[in-house]
$ cat upload_1.txt   # compact mmCIF, C-alpha atoms and all ligand atoms
# COMPACT_ATOMS: atom_id res chain seq x y z
CA MET A 1 -41.12 -46.30 -35.29
CA ARG A 2 -43.64 -48.05 -37.52
CA HIS A 3 -46.52 -46.19 -39.14
CA CYS A 4 -49.92 -46.58 -37.60
CA ILE A 5 -52.07 -49.25 -39.20
CA ARG A 6 -54.99 -47.58 -40.97
CA GLY A 7 -58.15 -48.97 -42.54
CA PRO A 8 -59.16 -48.44 -46.18
CA ASP A 9 -60.86 -45.10 -45.34
CA LEU A 10 -57.61 -43.94 -43.73
CA THR A 11 -59.06 -43.95 -40.24
CA PRO A 12 -57.10 -46.07 -37.76
CA THR A 13 -58.45 -49.60 -37.42
CA ALA A 14 -60.15 -50.00 -34.04
CA VAL A 15 -58.00 -52.17 -31.79
CA ARG A 16 -58.63 -52.81 -28.11
CA LEU A 17 -55.82 -54.59 -26.31
CA LEU A 18 -54.94 -55.40 -22.73
CA LEU A 19 -51.46 -56.17 -21.43
CA LEU A 20 -51.72 -58.56 -18.51
CA ALA A 21 -48.39 -59.47 -16.93
CA PRO A 22 -46.47 -59.27 -13.66
CA PRO A 23 -44.48 -56.20 -12.60
CA GLY A 24 -41.27 -55.96 -14.61
CA ALA A 25 -42.48 -58.05 -17.55
CA GLY A 26 -42.38 -55.07 -19.94
CA LYS A 27 -46.02 -53.96 -20.01
CA GLY A 28 -45.11 -50.27 -20.12
CA THR A 29 -42.50 -50.62 -22.88
CA GLN A 30 -44.65 -52.87 -25.06
CA GLY A 31 -47.82 -50.92 -24.26
CA ARG A 32 -46.31 -47.68 -25.56
CA ARG A 33 -45.10 -49.43 -28.72
CA LEU A 34 -48.45 -51.07 -29.39
CA ALA A 35 -50.24 -47.79 -28.83
CA ALA A 36 -48.02 -46.04 -31.37
CA HIS A 37 -48.35 -48.91 -33.84
CA PHE A 38 -52.13 -49.01 -33.70
CA CYS A 39 -52.65 -45.22 -33.24
CA ALA A 40 -54.42 -45.93 -29.96
CA PRO A 41 -54.11 -44.23 -26.58
CA HIS A 42 -51.94 -46.07 -24.06
CA ILE A 43 -53.88 -46.23 -20.81
CA ALA A 44 -51.68 -47.37 -17.95
CA THR A 45 -53.48 -47.32 -14.61
CA GLY A 46 -50.16 -47.19 -12.72
CA ASP A 47 -49.27 -43.98 -14.61
CA LEU A 48 -52.76 -42.51 -14.10
CA LEU A 49 -52.52 -43.26 -10.38
CA ARG A 50 -49.01 -41.81 -10.08
CA GLU A 51 -50.30 -38.61 -11.76
CA GLN A 52 -53.04 -38.40 -9.13
CA VAL A 53 -50.49 -38.96 -6.36
CA ALA A 54 -48.19 -36.27 -7.75
CA ALA A 55 -51.09 -33.81 -8.06
CA GLY A 56 -52.12 -34.53 -4.46
CA THR A 57 -55.79 -35.15 -5.37
CA PRO A 58 -58.03 -36.92 -2.81
CA LEU A 59 -57.92 -40.02 -5.05
CA GLY A 60 -54.12 -39.80 -5.18
CA ILE A 61 -53.82 -39.45 -1.41
CA GLU A 62 -56.06 -42.49 -0.89
CA ALA A 63 -54.33 -44.55 -3.61
CA ARG A 64 -50.83 -43.84 -2.35
CA ARG A 65 -51.29 -45.87 0.83
CA TYR A 66 -51.94 -48.97 -1.23
CA MET A 67 -49.30 -48.30 -3.87
CA ASP A 68 -46.58 -47.75 -1.27
CA ALA A 69 -47.49 -51.08 0.31
CA GLY A 70 -47.46 -52.90 -3.05
CA GLU A 71 -51.17 -53.64 -2.77
CA LEU A 72 -53.94 -53.07 -5.26
CA VAL A 73 -55.78 -49.77 -5.05
CA PRO A 74 -59.49 -50.46 -4.30
CA ASP A 75 -61.48 -51.52 -7.35
CA LEU A 76 -63.99 -48.67 -7.17
CA LEU A 77 -61.26 -46.01 -7.36
CA VAL A 78 -59.52 -47.65 -10.32
CA VAL A 79 -62.71 -48.42 -12.22
CA SER A 80 -63.81 -44.78 -11.91
CA LEU A 81 -60.39 -43.52 -13.00
CA VAL A 82 -60.36 -45.71 -16.12
CA GLY A 83 -64.02 -44.93 -16.80
CA ALA A 84 -63.23 -41.22 -16.86
CA ARG A 85 -60.42 -41.86 -19.34
CA ILE A 86 -62.06 -44.21 -21.82
CA GLY A 87 -65.76 -43.68 -21.13
CA ALA A 88 -65.85 -40.05 -22.29
CA ASP A 89 -68.63 -39.13 -24.69
CA PRO A 90 -68.27 -40.82 -27.15
CA PRO A 91 -66.19 -43.62 -25.56
CA LEU A 92 -62.80 -44.39 -27.12
CA THR A 93 -62.98 -46.97 -29.90
CA SER A 94 -59.32 -48.03 -29.59
CA PHE A 95 -57.03 -48.32 -26.60
CA VAL A 96 -54.14 -50.27 -25.17
CA LEU A 97 -54.86 -51.00 -21.53
CA ASP A 98 -51.78 -51.56 -19.42
CA GLY A 99 -52.31 -52.94 -15.93
CA TYR A 100 -56.11 -52.84 -15.92
CA PRO A 101 -58.10 -55.00 -15.17
CA ARG A 102 -56.07 -56.51 -12.36
CA SER A 103 -58.75 -58.22 -10.26
CA GLU A 104 -61.83 -60.28 -10.99
CA ALA A 105 -64.13 -57.39 -10.00
CA GLN A 106 -62.31 -55.08 -12.43
CA ALA A 107 -62.46 -57.70 -15.18
CA GLU A 108 -66.21 -58.09 -14.68
CA ALA A 109 -66.66 -54.29 -14.75
CA ALA A 110 -64.57 -54.00 -17.93
CA LEU A 111 -66.43 -56.88 -19.59
CA GLU A 112 -69.79 -55.31 -18.83
CA TRP A 113 -68.63 -51.89 -20.05
CA GLY A 114 -67.35 -53.46 -23.29
CA VAL A 115 -70.60 -55.31 -23.98
CA ASP A 116 -72.75 -52.27 -23.14
CA HIS A 117 -70.70 -49.96 -25.39
CA HIS A 118 -69.86 -52.46 -28.18
CA ARG A 119 -66.21 -52.09 -27.31
CA SER A 120 -65.13 -55.52 -26.10
CA LEU A 121 -61.43 -56.37 -25.96
CA HIS A 122 -59.93 -57.96 -29.09
CA ALA A 123 -56.94 -59.52 -27.35
CA VAL A 124 -55.30 -59.88 -23.95
CA ILE A 125 -51.53 -60.20 -24.16
CA ASN A 126 -49.70 -62.07 -21.43
CA LEU A 127 -45.92 -61.50 -21.37
CA ARG A 128 -44.18 -64.49 -19.82
CA VAL A 129 -40.90 -63.77 -18.03
CA ALA A 130 -39.09 -65.95 -15.46
CA ALA A 131 -39.55 -64.77 -11.85
CA HIS A 132 -35.85 -64.12 -11.16
CA ASP A 133 -35.63 -61.93 -14.29
CA LEU A 134 -38.61 -59.88 -13.11
CA VAL A 135 -36.83 -59.06 -9.85
CA GLU A 136 -33.63 -58.14 -11.68
CA ARG A 137 -35.47 -55.88 -14.17
CA ILE A 138 -37.39 -54.08 -11.43
CA LEU A 139 -34.32 -53.45 -9.30
CA THR A 140 -32.52 -52.06 -12.38
CA ARG A 141 -35.51 -49.76 -13.03
CA ARG A 142 -35.38 -48.66 -9.38
CA ARG A 143 -31.73 -47.63 -9.84
CA GLU A 144 -32.58 -45.77 -13.06
CA THR A 145 -35.85 -44.04 -12.08
CA GLY A 146 -36.00 -44.15 -8.28
CA ARG A 147 -39.62 -45.34 -8.47
CA ALA A 148 -40.71 -45.72 -4.84
CA ASP A 149 -42.51 -49.07 -5.07
CA ASP A 150 -39.67 -50.76 -6.99
CA ASP A 151 -37.72 -51.52 -3.77
CA ALA A 152 -37.12 -55.19 -2.99
CA ALA A 153 -39.63 -55.41 -0.10
CA THR A 154 -42.58 -53.81 -1.95
CA LEU A 155 -41.77 -55.75 -5.09
CA GLY A 156 -42.18 -59.03 -3.18
CA GLU A 157 -45.69 -57.97 -2.19
CA ARG A 158 -46.53 -56.80 -5.74
CA LEU A 159 -45.47 -60.18 -7.13
CA ARG A 160 -47.57 -61.99 -4.51
CA VAL A 161 -50.59 -59.81 -5.33
CA TYR A 162 -50.08 -60.54 -9.02
CA GLU A 163 -50.07 -64.30 -8.40
CA SER A 164 -53.06 -64.32 -6.05
CA THR A 165 -55.35 -61.71 -7.61
CA THR A 166 -54.28 -60.89 -11.18
CA ALA A 167 -52.94 -64.18 -12.59
CA PRO A 168 -56.37 -65.87 -12.23
CA LEU A 169 -57.59 -63.45 -14.93
CA LEU A 170 -55.51 -65.42 -17.44
CA ASP A 171 -58.11 -68.17 -17.23
CA PHE A 172 -60.92 -65.61 -17.35
CA TYR A 173 -59.67 -64.43 -20.76
CA ARG A 174 -58.51 -67.87 -21.94
CA ARG A 175 -62.09 -69.09 -21.55
CA ARG A 176 -63.17 -66.20 -23.78
CA ASN A 177 -60.60 -67.17 -26.45
CA ILE A 178 -58.85 -63.81 -26.47
CA LEU A 179 -55.72 -64.67 -24.46
CA VAL A 180 -52.42 -64.43 -26.36
CA GLU A 181 -49.34 -65.75 -24.55
CA VAL A 182 -46.01 -64.31 -25.64
CA ASP A 183 -42.44 -65.02 -24.52
CA GLY A 184 -41.42 -61.74 -22.87
CA ASN A 185 -37.70 -62.59 -22.62
CA GLY A 186 -35.18 -60.78 -24.79
CA GLU A 187 -34.78 -57.36 -26.36
CA PRO A 188 -37.88 -55.12 -26.57
CA ASP A 189 -37.77 -55.18 -30.41
CA VAL A 190 -37.81 -58.98 -30.45
CA VAL A 191 -40.66 -59.17 -27.94
CA PHE A 192 -42.63 -56.57 -29.90
CA ASP A 193 -42.28 -58.61 -33.10
CA ARG A 194 -43.50 -61.70 -31.24
CA ILE A 195 -46.56 -59.77 -30.05
CA LEU A 196 -47.35 -58.53 -33.56
CA GLU A 197 -47.01 -62.06 -34.93
CA ALA A 198 -49.38 -63.39 -32.28
CA LEU A 199 -51.88 -60.60 -33.00
CA ASP A 200 -51.55 -61.29 -36.70
CA GLU A 201 -52.72 -64.84 -36.04
CA LEU A 202 -55.85 -63.32 -34.52
CA GLY A 203 -56.27 -61.16 -37.63
CA LEU A 204 -55.33 -57.98 -35.79
CA ARG A 205 -52.16 -56.83 -37.54
CA SER A 206 -53.74 -54.88 -40.33
P1 LIG A 301 -47.89 -50.42 -12.23
O1 LIG A 301 -47.28 -49.11 -12.67
O2 LIG A 301 -48.82 -50.99 -13.24
O3 LIG A 301 -46.86 -51.40 -11.75
O4 LIG A 301 -48.81 -50.08 -10.95
C1 LIG A 301 -48.26 -49.50 -9.78
C2 LIG A 301 -49.23 -49.65 -8.62
O5 LIG A 301 -50.46 -48.95 -8.93
C3 LIG A 301 -49.68 -51.07 -8.32
O6 LIG A 301 -48.75 -51.76 -7.48
C4 LIG A 301 -51.01 -50.82 -7.61
O7 LIG A 301 -50.81 -50.37 -6.29
C5 LIG A 301 -51.57 -49.66 -8.41
N1 LIG A 301 -52.38 -50.11 -9.56
C6 LIG A 301 -52.11 -50.00 -10.89
N2 LIG A 301 -53.09 -50.52 -11.64
C7 LIG A 301 -54.01 -50.98 -10.76
C8 LIG A 301 -55.26 -51.65 -10.91
N3 LIG A 301 -55.76 -51.96 -12.13
N4 LIG A 301 -55.94 -51.98 -9.79
C9 LIG A 301 -55.48 -51.67 -8.56
N5 LIG A 301 -54.30 -51.06 -8.35
C10 LIG A 301 -53.57 -50.71 -9.43
$ encode --input "upload_1.txt" --output "structure tokens"
Amino acid sequence: MRHCIRGPDLTPTAVRLLLLAPPGAGKGTQGRRLAAHFCAPHIATGDLLREQVAAGTPLGIEARRYMDAGELVPDLLVVSLVGARIGADPPLTSFVLDGYPRSEAQAEAALEWGVDHHRSLHAVINLRVAAHDLVERILTRRRETGRADDDAATLGERLRVYESTTAPLLDFYRRRNILVEVDGNGEPDVVFDRILEALDELGLRS
């Protein structure tokens, strides 16, 4: 594992990233690596939601219906969950968001939060992987982890939801000049190096 990148005063350089990609593209794997590299918390809404489901909280019980169907959990629930995680007092200065925002309403909420708190995103990383590889990767994960929503039927719905509701955010961030598109095919190490190279071009490596 690489050492965290630190600024001249030895505090970690503030870096705010978002991984925006379809299910199975490697958001979790690359998100954890980026978080370690930049000494930033990895905030994966899927993980946060699964924790709520496992703990049987009212939010978890409500969210589960949507997750089991491969649909998006309502925006208000997700925005409040993320707000509680990054909006603490004082708000986090660095984070790697994984799987949030995922709808236009969430993107607008995140944009407004960033402007209000001087914590706008530095880069949005899109991992590009061919559709048939996504299905193969997810079904392999299902065999390895038994994750409930990785079955073939739910996956089809998750991919449809990505295309209809999440993929339009690519343009949202492209228009703001912070979208970084990276080839997500290949070994995790290779993909990670591609991401760092792309971030370097934005002046974000060190
Ligand atoms: P993931 O682990 O990112 O694949 O997310 C698993 C499931 O959690 C998704 O299929 C959604 O049901 C739900 N989920 C995760 N992130 C979000 C989000 N930002 N907005 C709405 N639902 C979400």
$ residues_near_ligand --input "upload_1.txt" --ligand "ligand LIG 301 (chain A)" --cutoff "6 Å" --atoms "only C-alpha atoms and all ligand atoms" --output "PDB file with C-alpha atoms, keeping the file's coordinate frame"
ATOM      1  CA  PRO A  23     -44.480 -56.200 -12.600  1.00  0.00           C
ATOM      2  CA  THR A  45     -53.480 -47.320 -14.610  1.00  0.00           C
ATOM      3  CA  GLY A  46     -50.160 -47.190 -12.720  1.00  0.00           C
ATOM      4  CA  ASP A  47     -49.270 -43.980 -14.610  1.00  0.00           C
ATOM      5  CA  TYR A  66     -51.940 -48.970  -1.230  1.00  0.00           C
ATOM      6  CA  MET A  67     -49.300 -48.300  -3.870  1.00  0.00           C
ATOM      7  CA  GLY A  70     -47.460 -52.900  -3.050  1.00  0.00           C
ATOM      8  CA  GLU A  71     -51.170 -53.640  -2.770  1.00  0.00           C
ATOM      9  CA  LEU A  72     -53.940 -53.070  -5.260  1.00  0.00           C
ATOM     10  CA  VAL A  73     -55.780 -49.770  -5.050  1.00  0.00           C
ATOM     11  CA  PRO A  74     -59.490 -50.460  -4.300  1.00  0.00           C
ATOM     12  CA  VAL A  78     -59.520 -47.650 -10.320  1.00  0.00           C
ATOM     13  CA  GLY A  99     -52.310 -52.940 -15.930  1.00  0.00           C
ATOM     14  CA  TYR A 100     -56.110 -52.840 -15.920  1.00  0.00           C
ATOM     15  CA  PRO A 101     -58.100 -55.000 -15.170  1.00  0.00           C
ATOM     16  CA  ARG A 102     -56.070 -56.510 -12.360  1.00  0.00           C
ATOM     17  CA  ARG A 158     -46.530 -56.800  -5.740  1.00  0.00           C
TER      18      ARG A 158
END
$ axis_aligned_box --input "upload_1.txt" --around "segment 56-64 of chain A" --padding-each-side "8 Å" --output "lines of an AutoDock Vina configuration file"
center_x = -54.4
center_y = -39.5
center_z = -3.1
size_x = 23.2
size_y = 26.0
size_z = 20.5
$ atom_distance --input "upload_1.txt" --atom1 "atom CA of His122 of chain A" --atom2 "atom CA of Ala198 of chain A"
12.3 Å
$ closest_residue --input "upload_1.txt" --among "A:Asn185, A:Gly56, A:Gly156, A:Phe192" --to "Asp133 of chain A" --atoms "all atoms listed in the file"
A:Asn185
$ residues_around --input "upload_1.txt" --residues "Leu139 of chain A" --least-positions-apart "4" --cutoff "9 Å" --atoms "only C-alpha atoms" --output "number ranges by chain"
A: 134-135, 143-144, 150-152, 155
$ residues_around --input "upload_1.txt" --residues "Pro22 of chain A" --least-positions-apart "5" --cutoff "9 Å" --atoms "all atoms listed in the file" --output "list in words"
Lys27, Gly99, Asn126, Leu127, Arg128, Val129, Leu134, Arg158, Leu159, Tyr162, Glu163, Thr166 and Ala167 of chain A
$ atom_distance --input "upload_1.txt" --atom1 "atom CA of Phe95 of chain A" --atom2 "atom CA of Gly60 of chain A"
23.2 Å
$ atom_distance --input "upload_1.txt" --atom1 "atom CA of Gly203 of chain A" --atom2 "atom CA of Gly87 of chain A"
25.8 Å
$ decode --input "upload_1.txt" --residues "segment 46-102 of chain A" --atoms "C-alpha atoms" --output "mmCIF file, in the first residue's frame"
data_model
loop_
_atom_site.group_PDB
_atom_site.id
_atom_site.type_symbol
_atom_site.label_atom_id
_atom_site.label_comp_id
_atom_site.auth_asym_id
_atom_site.auth_seq_id
_atom_site.Cartn_x
_atom_site.Cartn_y
_atom_site.Cartn_z
ATOM 1 C CA GLY A 46 -24.310 0.948 -0.506
ATOM 2 C CA ASP A 47 -22.206 -0.074 2.534
ATOM 3 C CA LEU A 48 -23.871 2.544 4.768
ATOM 4 C CA LEU A 49 -27.286 1.284 3.677
ATOM 5 C CA ARG A 50 -26.364 -2.380 4.184
ATOM 6 C CA GLU A 51 -25.207 -1.489 7.732
ATOM 7 C CA GLN A 52 -28.612 0.069 8.396
ATOM 8 C CA VAL A 53 -30.349 -3.008 6.996
ATOM 9 C CA ALA A 54 -28.233 -5.340 9.135
ATOM 10 C CA ALA A 55 -28.923 -3.246 12.250
ATOM 11 C CA GLY A 56 -32.658 -3.312 11.512
ATOM 12 C CA THR A 57 -33.059 0.473 11.898
ATOM 13 C CA PRO A 58 -36.239 2.117 10.533
ATOM 14 C CA LEU A 59 -34.123 3.570 7.696
ATOM 15 C CA GLY A 60 -32.697 0.112 6.978
ATOM 16 C CA ILE A 61 -36.138 -1.504 6.929
ATOM 17 C CA GLU A 62 -37.416 1.150 4.507
ATOM 18 C CA ALA A 63 -34.275 1.021 2.320
ATOM 19 C CA ARG A 64 -34.259 -2.755 2.032
ATOM 20 C CA ARG A 65 -37.424 -2.865 -0.083
ATOM 21 C CA TYR A 66 -35.732 -0.781 -2.740
ATOM 22 C CA MET A 67 -32.341 -2.477 -2.527
ATOM 23 C CA ASP A 68 -33.851 -5.947 -2.891
ATOM 24 C CA ALA A 69 -35.666 -4.767 -6.010
ATOM 25 C CA GLY A 70 -32.509 -3.212 -7.492
ATOM 26 C CA GLU A 71 -34.048 0.256 -7.314
ATOM 27 C CA LEU A 72 -32.648 3.443 -5.863
ATOM 28 C CA VAL A 73 -33.456 4.178 -2.241
ATOM 29 C CA PRO A 74 -35.433 7.477 -2.056
ATOM 30 C CA ASP A 75 -33.245 10.562 -2.335
ATOM 31 C CA LEU A 76 -34.256 12.033 1.031
ATOM 32 C CA LEU A 77 -33.124 8.928 2.933
ATOM 33 C CA VAL A 78 -29.766 8.760 1.166
ATOM 34 C CA VAL A 79 -29.075 12.486 1.376
ATOM 35 C CA SER A 80 -29.715 12.432 5.134
ATOM 36 C CA LEU A 81 -27.511 9.354 5.595
ATOM 37 C CA VAL A 82 -24.590 10.935 3.736
ATOM 38 C CA GLY A 83 -25.190 14.282 5.446
ATOM 39 C CA ALA A 84 -24.848 12.612 8.837
ATOM 40 C CA ARG A 85 -21.557 11.049 7.733
ATOM 41 C CA ILE A 86 -19.802 13.977 6.077
ATOM 42 C CA GLY A 87 -21.704 16.960 7.449
ATOM 43 C CA ALA A 88 -20.631 16.477 11.069
ATOM 44 C CA ASP A 89 -19.311 19.554 12.842
ATOM 45 C CA PRO A 90 -16.890 20.487 11.330
ATOM 46 C CA PRO A 91 -17.691 18.799 7.983
ATOM 47 C CA LEU A 92 -15.069 16.448 6.531
ATOM 48 C CA THR A 93 -12.534 18.202 4.317
ATOM 49 C CA SER A 94 -11.591 15.059 2.360
ATOM 50 C CA PHE A 95 -13.619 12.073 1.266
ATOM 51 C CA VAL A 96 -13.989 9.486 -1.452
ATOM 52 C CA LEU A 97 -17.661 9.126 -2.283
ATOM 53 C CA ASP A 98 -18.597 5.777 -3.765
ATOM 54 C CA GLY A 99 -22.065 5.462 -5.251
ATOM 55 C CA TYR A 100 -23.373 8.880 -4.216
ATOM 56 C CA PRO A 101 -24.764 11.002 -5.876
ATOM 57 C CA ARG A 102 -26.726 8.626 -8.070
#
